[in-house]
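S.K.: Below are the structure tokens for one structure; questions will follow.
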Amino acid sequence: MCHDAFVLPYTTYLRVYQPIDAFSPADRDHWEQYALSPDRPRRVNALAAEQAESLGRLLTTPPMVAPEQESRNAYLRRVNGRLYVCPWQTRLRSWRAFSEFTEATPVALSEAFVPVSEAERAEDHYRAWLDSGAQARPGILSSNWGVPIPWFVPFGAQERCLVMSEGSTRTLLYLTRTSLGMRRLEHTLAVLREHIGQSGVPASIGNLQDWLSLTAHPDSLLELDYGGLPYLLSNDHLDEDHSVAEVAEAVECLASGDADRVVELRERLSRRWRSVRALEHAN
């Protein structure tokens, strides 16, 4: 399905929104002015604008792995009159994504997508940036064709927001305070350790906890955004998707010893997200 003349990537996102006072004075001034600008991408169009930038780089000759300068755009939220900012960090995220791509792809195949000269240029710039001691942690995580199960843990069912308009807006997201999300993660880890043992706890849950601990300000917000998936999935599928509530219930059932219900919920989650991943092959 199309949105604002672009086919959005079927990618989901986990974003940290830092409070405005967590930034340096220079960055704080930039983001405050940015929030007032009539020309910045608005929330409803921000994902399409970010995708358009990426497509523009890929369509150049040769294609560009990452922009020369870091993006000065951001996702914004205001809660109780306070401004929260999630910078796009397009250059950093592009570098990291390309590093993961080259590590997982044979050299001959990767060269078919990106010329050697551009690949080396991107790698050199990323290495120099890291050597400078710059902040290397992105405030946005992404996942293609699904939501990693640990991403559901920090949220509560009451934080769900589903929009299925007849126009161009289709959204399913959750928003919470990071401090509350961290408490939910800690509770889930404690339950898992008690009932299945440390060796059975997925490393991805601890990795998520570590990422938030190192990245997020104590007063920050955390958002789970289904991104482009709602444009692919039916209204019924979205309306019936209560993965956050099901994960939370599974944790409590594990804690109370209701193994049958845990298995039932796990199978329901597996069926739902297996059906989404199957669409990747259909496309």
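As shown in the structure tokens, the chain order sets the letters A, B, ...; within each chain, residues go from 1, and ligands are also counted from 1 in the order they appear.
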Leaving out Thr215 (chain A) and any residue of its chain fewer than 5 positions from it, which residues lie within 8 Å of it when counting only C-alpha atoms, given as a list in words?

M.R.: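 These residues fall inside the cut-off: Val16, Arg137, Pro138 and Gly139 of chain A.
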
S.K.: Within 7 Å of region 185-201 of chain A, counting only C-alpha atoms, which residues qualify if same-chain residues fewer than 4 places away don't, as a list in words?

M.R.: Val153, Pro154, Gly181, Gln209, Val251 and Ala255 of chain A

S.K.: A:Asp239, A:Ala250, A:Leu224, A:Leu233: which is nearest Arg266 (chain A), counting only C-alpha atoms?

M.R.: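 Under the stated criterion, the closest residue is A:Ala250.
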
S.K.: Quick check for you: according to DSSP on this backbone, which residues of region 48-280 of chain A are classed as strand (DSSP E or B)? Reply as a VMD selection string.

M.R.: chain A and resid 74 to 79 82 to 87 140 to 144 160 to 164 170 to 177 221 to 225

S.K.: Using only C-alpha atoms, which residue out of A:Arg183, A:Arg170, A:Arg42, A:Arg78 lies closest to Leu232 (chain A)?

M.R.: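 Going through A:Arg183, A:Arg170, A:Arg42, A:Arg78 one by one, the smallest distance to Leu232 (chain A) is for A:Arg170.
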
S.K.: Going by DSSP on the backbone, which residues of region 64-168 of chain A come out as helix (DSSP H, G or I)? List them as an MDAnalysis selection string.

M.R.: chainID A and resid 90:104 107:113 116:131 149:152 157:159

S.K.: Report as a PyMOL selection string all protein, DNA and RNA residues lying within 9 Å of Arg82 (chain A), evaluated on only C-alpha atoms, omitting residues in the same chain fewer than 5 positions from it.

M.R.: chain A and resi 19-20+77

S.K.: Give me the region 207-238 of chain A side of the contact with region 268-282 of chain A, cut-off 12 Å, one line per residue showing its nearest atom pair and distance in Å at one decimal, counting only C-alpha atoms, sorted by chain and residue number, as a tab-separated table.

M.R.:
```
residue	atom	partner	partner_atom	distance
A:Tyr226	CA	A:Val276	CA	12.0
A:Leu229	CA	A:Val276	CA	8.8
A:Pro230	CA	A:Val276	CA	10.8
A:Leu232	CA	A:Leu279	CA	8.8
A:Leu233	CA	A:Val276	CA	8.1
A:Ser234	CA	A:Val276	CA	10.9
A:His237	CA	A:Arg272	CA	8.6
A:Leu238	CA	A:Arg272	CA	10.4
```

S.K.: Quick one: residues within 7 Å of Ala74 (chain A), only C-alpha atoms counted, chain neighbours fewer than 2 positions away excluded, as a list in words?

M.R.: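 In the requested format, the answer is Arg72, Leu76, Val85, Cys86, Pro87 and Trp88 of chain A.
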
S.K.: Near Leu208 (chain A), counting only C-alpha atoms, which residues have an atom at most 9 Å away, once you skip same-chain residues fewer than 5 positions from it, shown as number ranges by chain?

M.R.: A: 150-151, 185, 203, 213

S.K.: Output N, CA and C atoms for every residue in the selection just made, as a PDB file, in the first residue's frame.

M.R.:
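For reference, part-v5.pdb as written:
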```
ATOM      1  N   PRO A 150      10.632  -9.083  22.868  1.00  0.00           N
ATOM      2  CA  PRO A 150      11.032  -8.257  24.029  1.00  0.00           C
ATOM      3  C   PRO A 150      10.573  -6.808  23.943  1.00  0.00           C
ATOM      4  N   TRP A 151      10.345  -6.290  22.732  1.00  0.00           N
ATOM      5  CA  TRP A 151       9.911  -4.897  22.602  1.00  0.00           C
ATOM      6  C   TRP A 151       8.529  -4.669  23.212  1.00  0.00           C
ATOM      7  N   LEU A 185      10.445  -4.297  32.520  1.00  0.00           N
ATOM      8  CA  LEU A 185      11.514  -5.184  32.070  1.00  0.00           C
ATOM      9  C   LEU A 185      12.154  -5.916  33.255  1.00  0.00           C
ATOM     10  N   ALA A 203      18.692 -13.536  25.706  1.00  0.00           N
ATOM     11  CA  ALA A 203      19.656 -12.437  25.820  1.00  0.00           C
ATOM     12  C   ALA A 203      19.074 -11.130  25.306  1.00  0.00           C
ATOM     13  N   SER A 213      19.271   1.567  29.492  1.00  0.00           N
ATOM     14  CA  SER A 213      20.076   2.086  30.595  1.00  0.00           C
ATOM     15  C   SER A 213      21.158   3.035  30.098  1.00  0.00           C
TER      16      SER A 213
END
```

S.K.: Which one of A:His125, A:Phe23, A:Leu109, A:Asp29 sits closest to Ala66 (chain A) if you count only C-alpha atoms?

M.R.: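 Going through A:His125, A:Phe23, A:Leu109, A:Asp29 one by one, the smallest distance to Ala66 (chain A) is for A:His125.
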
S.K.: If you measure from CA of Arg28 (chain A) to CA of Asn73 (chain A), what distance in Å do you get, rounded to one decimal?

M.R.: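 According to the coordinates, CA of Arg28 (chain A) and CA of Asn73 (chain A) are separated by 13.1 Å.
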
S.K.: Identify which of the residues A:Leu212, A:Val65, A:Leu8, A:Ile140 lies closest to Glu120 (chain A), counting only C-alpha atoms when measuring atom-to-atom distances.

M.R.: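 Among A:Leu212, A:Val65, A:Leu8, A:Ile140, it is A:Val65 that comes nearest to Glu120 (chain A).
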
S.K.: For a quick check of understanding, using only C-alpha atoms, which of A:Leu162, A:Val79, A:Ala46, A:Ala22 has the smallest distance to His242 (chain A)?

M.R.: A:Leu162

S.K.: Choose the residue, out of A:Pro148, A:Arg177, A:His30, A:Asp225, that has the smallest atom-to-atom separation from Cys161 (chain A); count only C-alpha atoms.

M.R.: A:Asp225
